[in-house]
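Raw contents of upload33.pdb, PDB, C-alpha atoms and all ligand atoms:
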ATOM      1  CA  MET A  10      24.840   2.805  -0.704
ATOM      2  CA  GLY A  11      23.772   0.527  -3.569
ATOM      3  CA  LYS A  12      20.310   0.242  -5.005
ATOM      4  CA  ARG A  13      17.817  -1.656  -2.913
ATOM      5  CA  ARG A  14      14.344  -2.943  -3.520
ATOM      6  CA  VAL A  15      11.799  -0.577  -2.056
ATOM      7  CA  ALA A  16       8.177  -1.689  -1.665
ATOM      8  CA  LEU A  17       5.348   0.838  -1.347
ATOM      9  CA  ALA A  18       1.700   0.213  -0.449
ATOM     10  CA  LEU A  19      -1.014   2.313  -2.099
ATOM     11  CA  GLY A  20      -4.505   2.642  -0.645
ATOM     12  CA  SER A  21      -7.635   4.638  -1.448
ATOM     13  CA  ASN A  22     -11.207   4.467  -0.196
ATOM     14  CA  LEU A  23     -12.625   7.874  -1.110
ATOM     15  CA  GLY A  24     -13.859   9.164  -4.477
ATOM     16  CA  ALA A  25     -12.400   7.845  -7.724
ATOM     17  CA  ARG A  26     -10.271   5.196  -6.046
ATOM     18  CA  GLU A  27      -8.707   3.673  -9.164
ATOM     19  CA  ALA A  28      -7.826   7.117 -10.557
ATOM     20  CA  HIS A  29      -6.102   7.936  -7.270
ATOM     21  CA  LEU A  30      -3.962   4.798  -7.523
ATOM     22  CA  ASP A  31      -3.130   5.609 -11.160
ATOM     23  CA  ALA A  32      -2.087   9.155 -10.253
ATOM     24  CA  ALA A  33       0.022   7.874  -7.349
ATOM     25  CA  ARG A  34       1.857   5.365  -9.558
ATOM     26  CA  ARG A  35       2.633   8.100 -12.088
ATOM     27  CA  ALA A  36       3.892  10.475  -9.385
ATOM     28  CA  ILE A  37       6.032   7.720  -7.849
ATOM     29  CA  ALA A  38       7.578   6.921 -11.235
ATOM     30  CA  ALA A  39       8.396  10.607 -11.752
ATOM     31  CA  GLY A  40       9.656  11.329  -8.234
ATOM     32  CA  LEU A  41      11.281   8.103  -7.051
ATOM     33  CA  GLY A  42      11.843   5.936 -10.091
ATOM     34  CA  GLU A  43      10.101   3.663 -12.545
ATOM     35  CA  PRO A  44       8.562   0.630 -10.786
ATOM     36  CA  VAL A  45      10.189  -2.757 -11.412
ATOM     37  CA  ALA A  46       7.050  -4.623 -10.314
ATOM     38  CA  VAL A  47       3.395  -3.701  -9.761
ATOM     39  CA  SER A  48       0.824  -5.993  -8.134
ATOM     40  CA  ARG A  49      -2.783  -6.376  -9.174
ATOM     41  CA  ILE A  50      -5.302  -4.144  -7.409
ATOM     42  CA  TYR A  51      -7.172  -5.649  -4.457
ATOM     43  CA  GLU A  52     -10.465  -4.554  -2.972
ATOM     44  CA  THR A  53     -10.319  -4.883   0.790
ATOM     45  CA  GLU A  54     -12.497  -4.492   3.861
ATOM     46  CA  PRO A  55     -11.452  -1.437   5.857
ATOM     47  CA  VAL A  56      -9.391  -2.035   8.978
ATOM     48  CA  GLY A  57     -10.019   0.705  11.537
ATOM     49  CA  PRO A  58     -12.952   2.981  12.333
ATOM     50  CA  ALA A  59     -16.367   1.668  11.231
ATOM     51  CA  GLY A  60     -18.485   3.331   8.574
ATOM     52  CA  GLN A  61     -15.850   3.824   5.883
ATOM     53  CA  GLY A  62     -15.917   2.360   2.391
ATOM     54  CA  ARG A  63     -13.891  -0.518   0.990
ATOM     55  CA  TYR A  64     -10.330   0.198  -0.066
ATOM     56  CA  LEU A  65      -8.443  -0.421  -3.249
ATOM     57  CA  ASN A  66      -4.920  -1.548  -2.319
ATOM     58  CA  GLN A  67      -1.872  -2.192  -4.492
ATOM     59  CA  VAL A  68       1.881  -2.658  -4.033
ATOM     60  CA  VAL A  69       4.602  -1.081  -6.177
ATOM     61  CA  VAL A  70       8.294  -2.085  -6.092
ATOM     62  CA  LEU A  71      11.129   0.103  -7.288
ATOM     63  CA  GLU A  72      14.884   0.306  -6.883
ATOM     64  CA  SER A  73      16.433   3.211  -5.056
ATOM     65  CA  ASP A  74      19.537   4.157  -3.149
ATOM     66  CA  ALA A  75      17.620   6.673  -1.012
ATOM     67  CA  GLY A  76      17.157   5.926   2.686
ATOM     68  CA  ALA A  77      13.806   5.442   4.411
ATOM     69  CA  GLU A  78      13.482   9.017   5.711
ATOM     70  CA  VAL A  79      14.145  10.555   2.291
ATOM     71  CA  ILE A  80      11.677   8.210   0.623
ATOM     72  CA  VAL A  81       8.937   8.993   3.150
ATOM     73  CA  GLU A  82       9.505  12.754   2.736
ATOM     74  CA  ARG A  83       8.901  12.321  -0.982
ATOM     75  CA  LEU A  84       5.839  10.141  -0.418
ATOM     76  CA  LEU A  85       4.310  12.776   1.870
ATOM     77  CA  GLY A  86       4.943  15.371  -0.847
ATOM     78  CA  ILE A  87       3.205  13.164  -3.404
ATOM     79  CA  GLU A  88       0.227  12.626  -1.069
ATOM     80  CA  ARG A  89      -0.091  16.381  -0.568
ATOM     81  CA  ALA A  90       0.228  17.072  -4.301
ATOM     82  CA  LEU A  91      -2.586  14.585  -4.917
ATOM     83  CA  GLY A  92      -4.807  16.444  -2.455
ATOM     84  CA  ARG A  93      -4.602  14.211   0.605
ATOM     85  CA  VAL A  94      -6.162  15.805   3.683
ATOM     86  CA  ARG A  95      -5.393  14.126   7.015
ATOM     87  CA  ALA A  96      -8.472  14.035   9.219
ATOM     88  CA  GLN A  97      -8.832  10.888  11.288
ATOM     89  CA  ARG A  98      -6.196   8.254  12.048
ATOM     90  CA  TRP A  99      -6.994   5.190   9.948
ATOM     91  CA  GLY A 100     -10.016   7.064   8.597
ATOM     92  CA  PRO A 101     -11.102   7.378   4.954
ATOM     93  CA  ARG A 102      -8.523   8.746   2.531
ATOM     94  CA  THR A 103      -8.205   9.658  -1.141
ATOM     95  CA  ILE A 104      -4.656   8.333  -1.270
ATOM     96  CA  ASP A 105      -2.258   6.774   1.204
ATOM     97  CA  ILE A 106       1.255   5.746   0.199
ATOM     98  CA  ASP A 107       3.162   3.783   2.826
ATOM     99  CA  LEU A 108       6.768   2.664   2.782
ATOM    100  CA  LEU A 109       6.800  -1.057   3.566
ATOM    101  CA  LEU A 110      10.436  -1.998   3.260
ATOM    102  CA  CYS A 111      13.826  -0.847   1.979
ATOM    103  CA  GLY A 112      15.760  -4.010   1.196
ATOM    104  CA  GLU A 113      17.165  -5.332   4.444
ATOM    105  CA  GLU A 114      17.243  -1.932   6.144
ATOM    106  CA  THR A 115      15.919  -1.771   9.687
ATOM    107  CA  HIS A 116      15.198   1.756  10.853
ATOM    108  CA  THR A 117      12.927   3.223  13.506
ATOM    109  CA  GLY A 118      12.341   6.963  13.407
ATOM    110  CA  ALA A 119       9.698   9.608  14.007
ATOM    111  CA  LEU A 120       9.005   9.971  10.298
ATOM    112  CA  ALA A 121       9.719   6.514   8.935
ATOM    113  CA  SER A 122      10.135   2.975  10.176
ATOM    114  CA  VAL A 123      11.135   0.025   8.027
ATOM    115  CA  PRO A 124       9.999  -2.652   7.809
ATOM    116  CA  HIS A 125       6.577  -1.097   8.345
ATOM    117  CA  PRO A 126       5.676  -1.890  11.980
ATOM    118  CA  ARG A 127       2.238  -3.278  11.069
ATOM    119  CA  LEU A 128       3.303  -5.272   8.019
ATOM    120  CA  ALA A 129       2.806  -8.717   9.551
ATOM    121  CA  GLY A 130      -0.893  -9.347  10.027
ATOM    122  CA  ARG A 131      -2.146  -6.859   7.424
ATOM    123  CA  ALA A 132      -3.550  -9.045   4.673
ATOM    124  CA  PHE A 133      -4.522  -5.969   2.602
ATOM    125  CA  VAL A 134      -0.783  -5.311   2.201
ATOM    126  CA  LEU A 135       0.623  -8.861   2.326
ATOM    127  CA  ALA A 136      -1.623 -10.224  -0.451
ATOM    128  CA  PRO A 137      -0.407  -7.737  -3.090
ATOM    129  CA  LEU A 138       3.159  -7.837  -1.692
ATOM    130  CA  ALA A 139       3.179 -11.645  -1.986
ATOM    131  CA  GLU A 140       2.570 -11.307  -5.737
ATOM    132  CA  VAL A 141       5.724  -9.287  -6.284
ATOM    133  CA  MET A 142       8.117 -10.231  -3.415
ATOM    134  CA  PRO A 143       6.913 -13.556  -1.932
ATOM    135  CA  ASP A 144      10.361 -14.625  -0.741
ATOM    136  CA  TRP A 145      11.474 -11.384   0.940
ATOM    137  CA  ARG A 146      12.169 -12.124   4.589
ATOM    138  CA  HIS A 147      11.415  -9.724   7.403
ATOM    139  CA  PRO A 148      14.870  -8.762   8.711
ATOM    140  CA  GLY A 149      13.615  -8.876  12.300
ATOM    141  CA  SER A 150      11.617 -12.108  12.377
ATOM    142  CA  GLY A 151      13.093 -13.958   9.388
ATOM    143  CA  VAL A 152       9.562 -14.828   8.249
ATOM    144  CA  SER A 153       8.848 -14.532   4.496
ATOM    145  CA  VAL A 154       5.991 -12.537   2.977
ATOM    146  CA  ARG A 155       4.359 -15.761   1.806
ATOM    147  CA  GLU A 156       4.502 -17.162   5.340
ATOM    148  CA  MET A 157       3.210 -13.951   6.932
ATOM    149  CA  LEU A 158       0.266 -13.969   4.518
ATOM    150  CA  ALA A 159      -0.508 -17.627   5.221
ATOM    151  CA  ALA A 160      -0.533 -16.858   8.959
ATOM    152  CA  CYS A 161      -3.034 -14.014   8.819
ATOM    153  CA  ASP A 162      -6.761 -13.705   8.252
ATOM    154  CA  ALA A 163      -7.195 -12.760   4.589
ATOM    155  CA  ARG A 164     -10.973 -12.703   4.540
ATOM    156  CA  GLY A 165     -12.253  -9.508   2.918
ATOM    157  CA  VAL A 166      -9.174  -9.207   0.665
ATOM    158  CA  GLU A 167      -9.976  -9.976  -2.981
ATOM    159  CA  VAL A 168      -8.475  -9.241  -6.363
ATOM    160  CA  TRP A 169     -10.470  -6.339  -7.732
ATOM    161  CA  SER A 170     -12.463  -7.088 -10.858
ATOM    162  CA  GLY A 171     -11.982  -3.604 -12.223
ATOM    163  CA  ALA A 172     -13.958  -0.486 -13.044
ATOM    164  CA  GLY A 173     -17.387  -0.659 -14.587
ATOM    165  CA  ARG A 174     -18.843  -3.097 -12.093
ATOM    166  CA  ALA A 175     -20.804  -2.466  -8.968
ATOM    167  CA  GLY A 176     -19.233  -3.875  -5.823
ATOM    168  CA  ARG A 177     -20.715  -6.823  -3.969
ATOM    169  CA  ASP A 178     -22.678  -4.402  -1.827
ATOM    170  CA  GLY A 179     -24.319  -2.940  -4.925
ATOM    171  CA  ARG A 180     -22.564   0.416  -4.751
ATOM    172  CA  GLN A 181     -21.839   2.075  -8.051
ATOM    173  CA  PRO A 182     -18.377   1.846  -9.547
ATOM    174  CA  ASP A 183     -15.752   4.486  -8.802
ATOM    175  CA  GLY A 184     -16.537   7.994  -9.887
ATOM    176  CA  ALA A 185     -20.192   7.205 -10.656
ATOM    177  CA  ARG A 186     -21.925   9.108  -7.946
TER     178      ARG A 186
HETATM  179  N1  LIG A 201      -5.126   1.653   5.629
HETATM  180  C1  LIG A 201      -5.201   2.076   6.883
HETATM  181  C2  LIG A 201      -6.230   1.627   7.814
HETATM  182  N2  LIG A 201      -7.075   0.622   7.296
HETATM  183  N3  LIG A 201      -7.764  -0.852   5.632
HETATM  184  C3  LIG A 201      -7.630  -1.340   4.393
HETATM  185  N4  LIG A 201      -8.431  -2.331   3.986
HETATM  186  N5  LIG A 201      -6.700  -0.855   3.515
HETATM  187  C4  LIG A 201      -5.854   0.159   3.877
HETATM  188  O1  LIG A 201      -5.009   0.589   3.066
HETATM  189  C5  LIG A 201      -5.967   0.675   5.189
HETATM  190  C6  LIG A 201      -6.949   0.143   6.048
HETATM  191  C7  LIG A 201      -4.231   3.031   7.402
HETATM  192  O2  LIG A 201      -3.393   3.525   6.486
HETATM  193 MG    MG A 202      -1.556   3.274   5.603
HETATM  194 MG    MG A 203       0.204   6.402   5.436
END

Produce structure tokens that represent the structure in this file.
Ligand code: PH2
Ligand code: MG
Ligand code: MG
Amino acid sequence: MGKRRVALALGSNLGAREAHLDAARRAIAAGLGEPVAVSRIYETEPVGPAGQGRYLNQVVVLESDAGAEVIVERLLGIERALGRVRAQRWGPRTIDIDLLLCGEETHTGALASVPHPRLAGRAFVLAPLAEVMPDWRHPGSGVSVREMLAACDARGVEVWSGAGRAGRDGRQPDGAR
């Protein structure tokens, strides 16, 4: 199997969010390969249970000849090594690393499915993905990332202005608590 473009979505909404993304990118580079593209960081309204903080989200692209199941096994190992504890589905998390796509591979399994089943409609993933792979087409629908983003509600998804600033809601920056 030749090398394919693999896109990963990073998310954090607990604790030192930016540091969690940094640590995840380093672990991905060490365990799966050096990224060929990295999006900006977005700050996004949480989708899911109420009462959780805003997320930082980012997309990383690398090249790999590993299949979806192998990649997800490694991602779960990285999440555990970074201290991820799974409590509530879609609840707050220090770090979440999701496999979005493996080139044109279509695979549905208990551990991994590519393309990610909830890719279309998730602006918190499509906005950063559109920076790095706007023309990738969903192998099922044929719709491009750019088109999927244009078709969904992207309110509450903004490029993050970086550490050292309070958020719009006046909360202190990451780590300052
Ligand atoms: N991840 C979820 C559920 N909800 N919302 C945002 N804004 N960003 C996420 O990464 C996210 C979410 C499940 O993994
Ligand atoms: Mg997720
Ligand atoms: Mg996940």

Which is closer to ligand MG 202 (chain A) than all the others in A:Gly118, A:Pro101, A:Gly151, A:Gly60, using only C-alpha atoms and all ligand atoms? A:Pro101

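Considering all atoms listed in the file, every residue of the polymer chains approaching ligand MG 203 (chain A) to 6 Å or closer is listed here: A:Asp105, A:Ile106, A:Asp107.
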
Those residues you just picked out, can you put them in a file as a compact mmCIF listing (two decimals), in the frame of the given file with C-alpha atoms?
# COMPACT_ATOMS: atom_id res chain seq x y z
CA ASP A 105 -2.26 6.77 1.20
CA ILE A 106 1.25 5.75 0.20
CA ASP A 107 3.16 3.78 2.83

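Listed by chain and then residue number, the contacts of ligand LIG 201 (chain A) are A:Ala18, A:Leu19, A:Gly20, A:Ser21, A:Asn22, A:Glu52, A:Thr53, A:Glu54, A:Pro55, A:Val56, A:Gly57, A:Arg63, A:Tyr64, A:Leu65, A:Asn66, A:Arg98, A:Trp99, A:Gly100, A:Asp105, A:Asp107, A:Phe133, A:Val134, A:Val166 (distance at most 8 Å, using all atoms listed in the file).
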
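For the choices A:Leu23, A:Val69, A:Ala96, A:Leu17, the atom-to-atom distance to ligand MG 202 (chain A) is smallest for A:Leu17 when using only C-alpha atoms and all ligand atoms.
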
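Nearest-residue note for ligand MG 202 (chain A): choosing from A:Leu108, A:Val45, A:Ile87, A:Ala28, the minimum distance belongs to A:Leu108, counting all atoms listed in the file.
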
Here's the selection I'm unsure about, the PyMOL selection byres (((chain A and resi 43) around 12) and not hetatm); applied to the file above, which residues does it give, as a PyMOL selection string? chain A and resi 14-15+34-42+44-47+69-73

Produce a file of the selected residues containing C-alpha atoms, as a PDB file, in the frame of the given file.
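Below you can see selection37.pdb, which holds the result:
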ATOM      1  CA  ARG A  14      14.344  -2.943  -3.520  1.00  0.00           C
ATOM      2  CA  VAL A  15      11.799  -0.577  -2.056  1.00  0.00           C
ATOM      3  CA  ARG A  34       1.857   5.365  -9.558  1.00  0.00           C
ATOM      4  CA  ARG A  35       2.633   8.100 -12.088  1.00  0.00           C
ATOM      5  CA  ALA A  36       3.892  10.475  -9.385  1.00  0.00           C
ATOM      6  CA  ILE A  37       6.032   7.720  -7.849  1.00  0.00           C
ATOM      7  CA  ALA A  38       7.578   6.921 -11.235  1.00  0.00           C
ATOM      8  CA  ALA A  39       8.396  10.607 -11.752  1.00  0.00           C
ATOM      9  CA  GLY A  40       9.656  11.329  -8.234  1.00  0.00           C
ATOM     10  CA  LEU A  41      11.281   8.103  -7.051  1.00  0.00           C
ATOM     11  CA  GLY A  42      11.843   5.936 -10.091  1.00  0.00           C
ATOM     12  CA  PRO A  44       8.562   0.630 -10.786  1.00  0.00           C
ATOM     13  CA  VAL A  45      10.189  -2.757 -11.412  1.00  0.00           C
ATOM     14  CA  ALA A  46       7.050  -4.623 -10.314  1.00  0.00           C
ATOM     15  CA  VAL A  47       3.395  -3.701  -9.761  1.00  0.00           C
ATOM     16  CA  VAL A  69       4.602  -1.081  -6.177  1.00  0.00           C
ATOM     17  CA  VAL A  70       8.294  -2.085  -6.092  1.00  0.00           C
ATOM     18  CA  LEU A  71      11.129   0.103  -7.288  1.00  0.00           C
ATOM     19  CA  GLU A  72      14.884   0.306  -6.883  1.00  0.00           C
ATOM     20  CA  SER A  73      16.433   3.211  -5.056  1.00  0.00           C
TER      21      SER A  73
END

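In this model, the gap between CA of Pro124 in chain A and CA of His147 in chain A comes to 7.2 Å.
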
If you take every atom of range 110-121 of chain A that the file lists and fit an axis-aligned box around them with 8 Å extra on each side, what centre and edge lengths come out in Å to one decimal, as lines of an AutoDock Vina configuration file?
center_x = 13.1
center_y = 2.3
center_z = 7.6
size_x = 24.2
size_y = 31.3
size_z = 28.8
